[in-house]
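**Q** Sharing query-v3.cif below, mmCIF, C-alpha atoms:
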data_upload
#
loop_
_atom_site.label_atom_id
_atom_site.label_comp_id
_atom_site.auth_asym_id
_atom_site.auth_seq_id
_atom_site.Cartn_x
_atom_site.Cartn_y
_atom_site.Cartn_z
CA MET A 4 144.33 34.95 109.27
CA LEU A 5 144.39 35.86 105.58
CA ARG A 6 142.28 33.34 103.72
CA HIS A 7 143.38 31.61 100.53
CA PHE A 8 142.20 33.65 97.55
CA THR A 9 142.73 32.81 93.92
CA VAL A 10 141.09 35.67 91.99
CA SER A 11 143.77 38.30 92.48
CA LEU A 12 143.38 40.63 89.52
CA ALA A 13 139.65 40.62 88.92
CA LEU A 14 137.91 43.95 89.20
CA PHE A 15 135.22 44.30 91.81
CA GLY A 16 132.07 45.08 89.84
CA LEU A 17 128.86 43.65 88.52
CA LEU A 18 130.06 42.71 85.06
CA THR A 19 133.67 41.72 85.58
CA LEU A 20 133.42 38.56 87.61
CA THR A 21 131.32 35.46 87.68
CA GLY A 22 131.99 32.42 89.77
CA CYS A 23 130.80 29.05 90.87
CA GLN A 24 127.82 29.27 93.22
CA ASN A 25 128.59 25.95 94.92
CA ASN A 26 129.55 26.58 98.54
CA GLU A 27 131.49 23.31 98.63
CA THR A 28 134.20 24.77 96.41
CA PHE A 29 135.14 27.53 98.88
CA THR A 30 138.63 27.20 100.27
CA ARG A 31 138.39 29.39 103.37
CA PRO A 32 137.89 27.63 106.70
CA LYS A 33 134.54 27.91 108.45
CA PRO A 34 134.43 30.16 111.52
CA ASP A 35 134.78 28.37 114.81
CA PRO A 36 132.68 28.98 116.84
CA ALA A 37 130.01 29.91 114.32
CA ARG A 38 126.33 30.72 113.85
CA MET A 39 124.25 29.88 110.79
CA VAL A 40 122.55 32.84 109.12
CA THR A 41 119.94 32.48 106.37
CA HIS A 42 120.08 35.19 103.70
CA ALA A 43 119.42 35.85 100.02
CA LYS A 44 122.03 33.28 98.93
CA GLY A 45 121.14 30.52 101.36
CA LYS A 46 122.77 29.71 104.68
CA THR A 47 126.21 30.86 105.77
CA ALA A 48 128.24 30.16 108.89
CA VAL A 49 129.39 33.45 110.41
CA PRO A 50 131.56 34.19 113.46
CA VAL A 51 129.75 34.45 116.79
CA ASN A 52 131.22 37.90 117.35
CA PRO A 53 132.60 39.32 114.08
CA GLU A 54 135.20 42.02 114.60
CA ARG A 55 136.29 42.93 111.05
CA VAL A 56 133.13 43.74 109.11
CA ILE A 57 133.04 45.12 105.56
CA ALA A 58 129.84 46.82 104.32
CA LEU A 59 129.42 46.68 100.54
CA ASP A 60 126.00 48.31 100.34
CA ASN A 61 124.52 51.57 101.63
CA ILE A 62 121.89 49.83 103.72
CA ALA A 63 124.55 47.55 105.17
CA LEU A 64 126.66 50.55 106.15
CA ASP A 65 123.67 52.44 107.58
CA SER A 66 122.60 49.37 109.55
CA VAL A 67 125.96 48.37 111.01
CA LEU A 68 126.59 51.94 112.16
CA ALA A 69 123.15 52.08 113.79
CA LEU A 70 124.03 48.78 115.49
CA GLN A 71 127.21 50.43 116.82
CA VAL A 72 129.53 48.27 114.72
CA ASN A 73 132.46 50.11 113.14
CA PRO A 74 133.23 48.60 109.71
CA ILE A 75 136.85 48.26 108.67
CA ALA A 76 135.85 49.19 105.10
CA ALA A 77 132.72 50.22 103.23
CA LEU A 78 131.53 51.02 99.74
CA ILE A 79 131.39 54.67 98.74
CA ASN A 80 128.90 56.20 96.31
CA SER A 81 130.29 56.02 92.79
CA ASN A 82 128.76 59.37 91.80
CA THR A 83 130.20 61.32 94.75
CA GLY A 84 133.29 59.35 95.73
CA LYS A 85 132.17 59.63 99.35
CA PHE A 86 130.08 57.82 101.91
CA PRO A 87 126.36 58.73 101.96
CA VAL A 88 125.89 62.27 103.24
CA HIS A 89 123.90 61.29 106.32
CA LEU A 90 126.57 58.82 107.43
CA ARG A 91 129.75 60.80 106.92
CA ASP A 92 129.92 62.08 110.48
CA LYS A 93 129.32 58.56 111.81
CA VAL A 94 131.86 56.56 109.79
CA PRO A 95 135.15 56.19 111.72
CA GLU A 96 138.23 57.76 110.16
CA THR A 97 139.82 54.30 110.14
CA THR A 98 137.14 52.88 107.81
CA GLN A 99 138.68 52.37 104.38
CA LYS A 100 136.82 53.48 101.25
CA LEU A 101 136.00 50.93 98.58
CA ALA A 102 134.86 52.16 95.16
CA GLU A 103 132.79 49.74 93.10
CA ASN A 104 134.43 50.66 89.80
CA GLN A 105 138.07 50.51 90.85
CA GLN A 106 138.64 48.22 93.80
CA ASN A 107 139.68 44.62 93.34
CA LEU A 108 138.96 41.52 95.35
CA GLU A 109 142.60 41.15 96.30
CA ARG A 110 142.44 44.37 98.31
CA ILE A 111 139.34 43.18 100.13
CA ALA A 112 141.15 39.95 100.95
CA GLN A 113 144.15 41.90 102.26
CA LEU A 114 141.85 43.68 104.70
CA ASN A 115 141.32 40.28 106.33
CA PRO A 116 137.59 40.66 107.09
CA ASP A 117 135.72 38.08 109.13
CA LEU A 118 132.30 39.13 107.77
CA ILE A 119 131.17 40.81 104.53
CA ILE A 120 127.67 42.23 104.09
CA GLY A 121 126.42 43.31 100.67
CA GLY A 122 123.32 43.66 98.56
CA LYS A 123 122.15 43.03 95.03
CA ASN A 124 125.08 45.14 93.81
CA VAL A 125 127.60 42.40 94.67
CA GLU A 126 125.56 39.35 93.69
CA ALA A 127 127.74 38.70 90.61
CA VAL A 128 130.86 38.35 92.76
CA TYR A 129 129.26 36.60 95.70
CA SER A 130 131.28 33.38 95.30
CA GLN A 131 134.58 35.24 95.22
CA LEU A 132 133.65 37.34 98.25
CA ASN A 133 132.54 34.24 100.12
CA GLN A 134 135.98 32.73 99.53
CA ILE A 135 137.48 35.68 101.37
CA ALA A 136 135.11 35.74 104.35
CA PRO A 137 131.56 34.66 105.24
CA THR A 138 129.36 36.86 103.04
CA ILE A 139 125.75 37.79 103.71
CA LEU A 140 123.57 39.09 100.85
CA LEU A 141 120.69 41.36 101.84
CA GLY A 142 118.71 40.88 98.64
CA LYS A 143 117.26 43.23 96.04
CA ARG A 144 117.72 46.98 96.31
CA GLY A 145 115.49 50.00 96.02
CA THR A 146 112.52 48.63 97.96
CA SER A 147 110.81 49.23 101.27
CA ALA A 148 112.34 46.03 102.71
CA TRP A 149 114.95 47.92 104.74
CA LYS A 150 113.45 46.70 108.03
CA LYS A 151 114.00 43.05 107.17
CA LYS A 152 117.50 43.89 105.98
CA LEU A 153 118.24 45.66 109.27
CA LEU A 154 117.14 42.60 111.24
CA LEU A 155 119.22 40.33 108.98
CA THR A 156 122.27 42.58 109.44
CA ALA A 157 121.70 42.59 113.20
CA GLU A 158 121.58 38.79 113.19
CA ALA A 159 124.75 38.60 111.09
CA VAL A 160 126.76 40.83 113.46
CA GLY A 161 125.39 39.09 116.55
CA LYS A 162 123.07 41.87 117.74
CA PRO A 163 119.53 40.68 116.98
CA GLU A 164 117.97 42.36 120.04
CA LYS A 165 119.59 45.67 119.16
CA GLY A 166 118.09 45.44 115.69
CA LYS A 167 114.62 44.84 117.09
CA ALA A 168 115.02 47.77 119.50
CA LEU A 169 116.00 50.09 116.64
CA LEU A 170 112.88 49.14 114.70
CA GLU A 171 110.63 49.57 117.73
CA ALA A 172 112.04 53.05 118.36
CA TYR A 173 111.52 53.99 114.71
CA HIS A 174 107.89 52.85 114.73
CA GLU A 175 107.21 54.75 117.92
CA ARG A 176 108.56 57.93 116.31
CA ALA A 177 106.53 57.41 113.12
CA GLU A 178 103.31 56.82 115.06
CA LYS A 179 103.93 59.82 117.29
CA LEU A 180 104.50 62.06 114.27
CA GLY A 181 101.29 60.81 112.66
CA SER A 182 99.36 61.52 115.86
CA ARG A 183 100.60 65.12 115.89
CA LEU A 184 99.38 65.81 112.35
CA ASP A 185 95.80 66.86 111.67
CA ASN A 186 94.22 64.16 109.51
CA PRO A 187 97.49 62.83 108.02
CA GLU A 188 95.51 60.50 105.75
CA GLU A 189 94.27 63.59 103.92
CA ILE A 190 97.75 65.00 103.24
CA GLU A 191 99.01 63.91 99.81
CA VAL A 192 102.81 63.74 99.85
CA SER A 193 104.65 63.63 96.53
CA VAL A 194 108.30 62.53 96.30
CA VAL A 195 110.20 63.56 93.19
CA ARG A 196 113.74 62.99 91.99
CA VAL A 197 115.10 65.50 89.50
CA SER A 198 117.73 64.58 86.93
CA PRO A 199 118.80 65.91 83.51
CA GLN A 200 116.66 63.15 81.99
CA GLY A 201 113.42 64.27 83.67
CA LEU A 202 111.41 63.49 86.79
CA ARG A 203 111.07 60.24 88.71
CA LEU A 204 108.10 59.80 91.04
CA TYR A 205 108.61 57.44 93.98
CA GLN A 206 105.78 55.04 94.72
CA ASN A 207 104.79 52.89 97.72
CA ASP A 208 107.33 50.05 97.45
CA THR A 209 110.29 52.36 97.96
CA PHE A 210 112.16 53.20 101.14
CA VAL A 211 110.44 56.56 101.53
CA GLY A 212 107.09 55.18 100.41
CA GLY A 213 107.12 52.80 103.36
CA ILE A 214 108.01 55.59 105.78
CA LEU A 215 105.15 57.79 104.57
CA LYS A 216 102.79 54.84 105.06
CA ASP A 217 104.10 54.25 108.59
CA VAL A 218 103.33 57.88 109.46
CA GLY A 219 99.84 57.53 107.97
CA LEU A 220 100.28 60.03 105.15
CA SER A 221 98.53 59.80 101.79
CA ARG A 222 100.02 59.76 98.29
CA PRO A 223 98.98 61.32 94.96
CA PRO A 224 97.21 58.83 92.64
CA SER A 225 100.29 58.57 90.41
CA GLN A 226 102.38 57.41 93.38
CA ASP A 227 99.82 55.42 95.35
CA LYS A 228 100.84 52.17 93.67
CA GLU A 229 102.74 49.12 94.93
CA ASN A 230 105.70 49.73 92.63
CA LEU A 231 109.04 51.50 92.85
CA TRP A 232 108.76 54.55 90.60
CA ILE A 233 107.67 55.98 87.28
CA GLU A 234 109.41 58.41 84.96
CA ILE A 235 107.35 61.32 83.66
CA SER A 236 107.86 63.88 80.91
CA GLN A 237 107.37 67.63 81.10
CA GLU A 238 103.85 67.24 79.74
CA GLN A 239 103.00 65.00 82.73
CA PHE A 240 104.12 67.34 85.50
CA GLU A 241 100.63 67.31 87.02
CA LYS A 242 101.34 63.74 88.18
CA ALA A 243 103.98 65.15 90.52
CA ASP A 244 101.53 67.44 92.29
CA GLY A 245 100.32 66.98 95.85
CA ASP A 246 99.60 68.93 99.01
CA VAL A 247 103.35 68.94 99.54
CA ILE A 248 106.23 67.94 97.27
CA PHE A 249 109.60 66.73 98.48
CA VAL A 250 112.20 66.95 95.73
CA TRP A 251 115.81 65.93 95.53
CA GLY A 252 118.64 65.58 93.04
CA LEU A 253 122.22 64.33 93.17
CA GLY A 254 125.28 65.98 91.70
CA SER A 255 125.88 69.21 89.80
CA GLU A 256 123.83 68.10 86.77
CA ALA A 257 120.84 67.48 89.02
CA GLU A 258 121.29 70.91 90.59
CA SER A 259 121.08 72.60 87.19
CA ALA A 260 118.11 70.40 86.29
CA LEU A 261 116.36 71.52 89.47
CA LYS A 262 116.98 75.15 88.58
CA ARG A 263 115.44 74.58 85.14
CA LEU A 264 112.49 72.86 86.78
CA GLN A 265 111.87 75.80 89.08
CA ASP A 266 111.84 78.12 86.06
CA ASP A 267 109.47 75.92 84.06
CA PRO A 268 105.99 77.50 83.67
CA LEU A 269 104.29 74.07 83.74
CA TRP A 270 105.93 73.27 87.07
CA SER A 271 104.92 76.66 88.49
CA LYS A 272 101.25 75.83 87.86
CA LEU A 273 101.24 72.92 90.33
CA ASP A 274 99.17 73.48 93.49
CA ALA A 275 102.04 72.63 95.85
CA VAL A 276 104.36 75.03 94.03
CA GLN A 277 101.87 77.87 94.20
CA ALA A 278 101.24 77.16 97.89
CA GLY A 279 104.98 77.26 98.66
CA LYS A 280 104.93 73.62 99.75
CA VAL A 281 107.91 72.31 97.77
CA TYR A 282 110.92 71.31 99.85
CA GLU A 283 114.32 70.17 98.68
CA VAL A 284 115.68 67.25 100.70
CA PRO A 285 118.94 65.22 100.69
CA GLY A 286 119.50 61.89 98.97
CA TYR A 287 118.88 59.85 102.11
CA TRP A 288 115.20 60.13 101.23
CA ILE A 289 115.79 57.13 99.01
CA GLY A 290 118.54 55.97 101.33
CA ARG A 291 117.58 52.82 103.23
CA GLY A 292 118.49 51.91 106.76
CA PRO A 293 117.46 53.06 110.24
CA ILE A 294 119.64 56.18 110.34
CA ALA A 295 118.24 57.40 107.02
CA ALA A 296 114.70 56.52 108.11
CA ASN A 297 114.99 58.63 111.23
CA LYS A 298 116.43 61.48 109.17
CA VAL A 299 113.34 61.35 106.94
CA LEU A 300 111.14 61.49 110.04
CA ASP A 301 113.10 64.56 111.15
CA ASP A 302 112.41 66.24 107.81
CA LEU A 303 108.71 65.34 107.86
CA SER A 304 108.43 66.82 111.33
CA THR A 305 110.21 70.00 110.24
CA TYR A 306 108.22 70.59 107.06
CA LEU A 307 104.80 69.28 108.03
CA LEU A 308 104.67 70.52 111.61
CA GLU A 309 107.15 73.27 112.38
CA LYS A 310 106.73 75.19 109.10
CA ASP A 311 102.97 75.24 109.54
CA ASN A 312 103.23 76.88 112.98
#
Please rewrite the model in this file as structure tokens.
**A**
Amino acid sequence: MLRHFTVSLALFGLLTLTGCQNNETFTRPKPDPARMVTHAKGKTAVPVNPERVIALDNIALDSVLALQVNPIAALINSNTGKFPVHLRDKVPETTQKLAENQQNLERIAQLNPDLIIGGKNVEAVYSQLNQIAPTILLGKRGTSAWKKKLLLTAEAVGKPEKGKALLEAYHERAEKLGSRLDNPEEIEVSVVRVSPQGLRLYQNDTFVGGILKDVGLSRPPSQDKENLWIEISQEQFEKADGDVIFVWGLGSEAESALKRLQDDPLWSKLDAVQAGKVYEVPGYWIGRGPIAANKVLDDLSTYLLEKDN
């Protein structure tokens, strides 16, 4: 049933809509039967077995696919116009693409979802989304909290045990990889994002920072901090050094920036560069979600084990 929806022309985006945060003003009927789920915006009644799920966040999309739930629509990356690279072969052809800067709430309503899952990126339009269908907010983005968000997503779609099993399997893989490495605590792993503006170093409270910790790997002093990241200038390139450097960029501008970095004499002086221990990796290294996490473990195995044999 298409729920009553009054904001028909408002653009879906962070700055275009604000709304009342009082749940009592929502006009859609509550699901029946329903389960109560506690999330970043409080408690929401969701269907016992949701069948028309929309994922409005990368971690939501990663998680629902890992939970073997096929979303009817999902948010694409604004800078590529596509789903995240590591999920493209897993998203059904029937899943509709939603772009943050061009889609409107009326279209989402017309899709007739029975559950919407989003993150910090949709907090400004939470009330409007929650008028369309029960909406679960996963909380702030860019942190290592993907495990909690996976469990919350699993609860929302009615598969809590599946979520726990996915996490257990991930931890088993991470521990096994750590056990196969010689003294992993002595291997300093640097993670660097390249852009036209400079370098960003990823610290412990990021998605990849948590994975490296789970494996038992060490971090360079500049990155061994309980924060998200720091930006460094060319004169600070030594802060990006380590026993191994994983580097990534996104888009054509980042590709040209990476080429300039490789030609920079200051970069070439780093120990990892001189040792041939710099590896370019895809964007899922800052991805979030169980599928991305296992992809990172694949890469760590390839570059830290197989390339050393």
**Q** Applying 6 Å and all atoms listed in the file, which residues near Ala260 of chain A remain after dropping the ones on its own chain fewer than 2 positions away? List them as number ranges by chain.
**A** A: 198-199, 257-258, 262-263
**Q** Using only C-alpha atoms, collect all residues at a distance of at most 10 Å from (127.1, 38.0, 95.8) as written in the file, then present them as a list in words.
**A**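 Here is the list of nearby residues: Leu17, Thr21, Gly22, Gln24, Ala43, Lys44, Ile120, Gly121, Gly122, Lys123, Asn124, Val125, Glu126, Ala127, Val128, Tyr129, Ser130, Gln131, Leu132, Asn133, Thr138, Ile139, Leu140, Leu141 and Gly142 of chain A.
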**Q** Nearest to Gly252 of chain A among A:Leu307, A:Val194, A:Leu68, A:Ile294, with distances taken over all atoms listed in the file: which residue is it?
**A**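 Closest to Gly252 of chain A, using all atoms listed in the file: A:Val194.
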**Q** For a test of reading the model, state the distance in Å between atom CA of Leu261 of chain A and atom CA of Thr83 of chain A, rounded to one decimal.
**A**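 Between these atoms lies a distance of 18.0 Å.
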**Q** If the PyMOL selection byres ((chain A and resi 99) around 7) is run on the structure shown, which residues does it catch, given as a list in words?
**A**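 Evaluating the PyMOL selection byres ((chain A and resi 99) around 7) on these coordinates yields Ile75, Ala76, Ala77, Thr97, Thr98, Lys100 and Leu101 of chain A.
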**Q** Could you expand the PyMOL selection byres ((chain A and resi 282-284) around 7) into the explicit residues it covers here, written as a list of chain:residue names?
**A**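 Taken over the shown coordinates, the PyMOL selection byres ((chain A and resi 282-284) around 7) returns A:Ile248, A:Phe249, A:Val250, A:Trp251, A:Lys280, A:Val281, A:Pro285, A:Gly286.
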**Q** Show which residues sit within 8 Å of segment 164-175 of chain A, as an MDAnalysis selection string. Count all atoms listed in the file, and ignore same-chain residues fewer than 5 positions away.
**A** chainID A and resid 69:70 150 153:154 157:158 217 293 296:297
**Q** What would segment 30-61 of chain A look like with N, CA and C atoms restored, written as a compact mmCIF listing (two decimals), in the coordinates of the input?
**A**
# COMPACT_ATOMS: atom_id res chain seq x y z
N THR A 30 137.41 27.69 99.65
CA THR A 30 138.63 27.20 100.27
C THR A 30 138.88 27.78 101.66
N ARG A 31 138.16 28.81 102.06
CA ARG A 31 138.39 29.39 103.37
C ARG A 31 137.82 28.45 104.45
N PRO A 32 138.42 28.45 105.61
CA PRO A 32 137.89 27.63 106.70
C PRO A 32 136.61 28.24 107.27
N LYS A 33 135.75 27.42 107.81
CA LYS A 33 134.54 27.91 108.45
C LYS A 33 134.90 28.53 109.80
N PRO A 34 134.17 29.57 110.21
CA PRO A 34 134.43 30.16 111.52
C PRO A 34 134.18 29.14 112.63
N ASP A 35 134.94 29.26 113.66
CA ASP A 35 134.78 28.37 114.81
C ASP A 35 135.08 29.15 116.09
N PRO A 36 134.08 29.41 116.93
CA PRO A 36 132.68 28.98 116.84
C PRO A 36 131.92 29.79 115.80
N ALA A 37 130.77 29.27 115.39
CA ALA A 37 130.01 29.91 114.32
C ALA A 37 128.52 29.84 114.58
N ARG A 38 127.79 30.73 113.87
CA ARG A 38 126.33 30.72 113.85
C ARG A 38 125.89 30.63 112.40
N MET A 39 124.78 29.95 112.15
CA MET A 39 124.25 29.88 110.79
C MET A 39 123.24 31.01 110.56
N VAL A 40 123.44 31.74 109.46
CA VAL A 40 122.55 32.84 109.12
C VAL A 40 121.96 32.58 107.74
N THR A 41 120.64 32.65 107.64
CA THR A 41 119.94 32.48 106.37
C THR A 41 119.76 33.82 105.71
N HIS A 42 120.14 33.91 104.41
CA HIS A 42 120.08 35.19 103.70
C HIS A 42 119.71 34.93 102.25
N ALA A 43 119.89 35.93 101.40
CA ALA A 43 119.42 35.85 100.02
C ALA A 43 120.14 34.77 99.20
N LYS A 44 121.29 34.30 99.65
CA LYS A 44 122.03 33.28 98.93
C LYS A 44 122.02 31.92 99.63
N GLY A 45 121.20 31.79 100.65
CA GLY A 45 121.14 30.52 101.36
C GLY A 45 121.54 30.65 102.81
N LYS A 46 122.31 29.70 103.30
CA LYS A 46 122.77 29.71 104.68
C LYS A 46 124.29 29.81 104.73
N THR A 47 124.77 30.65 105.64
CA THR A 47 126.21 30.86 105.77
C THR A 47 126.60 30.85 107.23
N ALA A 48 127.70 30.17 107.53
CA ALA A 48 128.24 30.16 108.89
C ALA A 48 129.05 31.43 109.10
N VAL A 49 128.70 32.20 110.11
CA VAL A 49 129.39 33.45 110.41
C VAL A 49 129.97 33.38 111.81
N PRO A 50 130.99 34.20 112.11
CA PRO A 50 131.56 34.19 113.46
C PRO A 50 130.52 34.60 114.50
N VAL A 51 130.66 34.10 115.70
CA VAL A 51 129.75 34.45 116.79
C VAL A 51 129.82 35.94 117.08
N ASN A 52 131.03 36.48 117.10
CA ASN A 52 131.22 37.90 117.35
C ASN A 52 132.18 38.48 116.31
N PRO A 53 131.70 38.78 115.12
CA PRO A 53 132.60 39.32 114.08
C PRO A 53 133.20 40.65 114.50
N GLU A 54 134.48 40.82 114.18
CA GLU A 54 135.20 42.02 114.60
C GLU A 54 135.74 42.83 113.42
N ARG A 55 135.77 42.23 112.22
CA ARG A 55 136.29 42.93 111.05
C ARG A 55 135.25 42.85 109.93
N VAL A 56 134.29 43.75 110.00
CA VAL A 56 133.13 43.74 109.11
C VAL A 56 133.35 44.71 107.95
N ILE A 57 133.02 44.25 106.75
CA ILE A 57 133.04 45.12 105.56
C ILE A 57 131.61 45.27 105.06
N ALA A 58 131.19 46.52 104.81
CA ALA A 58 129.84 46.82 104.32
C ALA A 58 129.92 47.23 102.86
N LEU A 59 129.35 46.42 101.98
CA LEU A 59 129.42 46.68 100.54
C LEU A 59 128.07 47.10 99.96
N ASP A 60 127.32 47.84 100.76
CA ASP A 60 126.00 48.31 100.34
C ASP A 60 125.62 49.43 101.29
N ASN A 61 124.89 50.44 100.78
CA ASN A 61 124.52 51.57 101.63
C ASN A 61 123.68 51.16 102.82
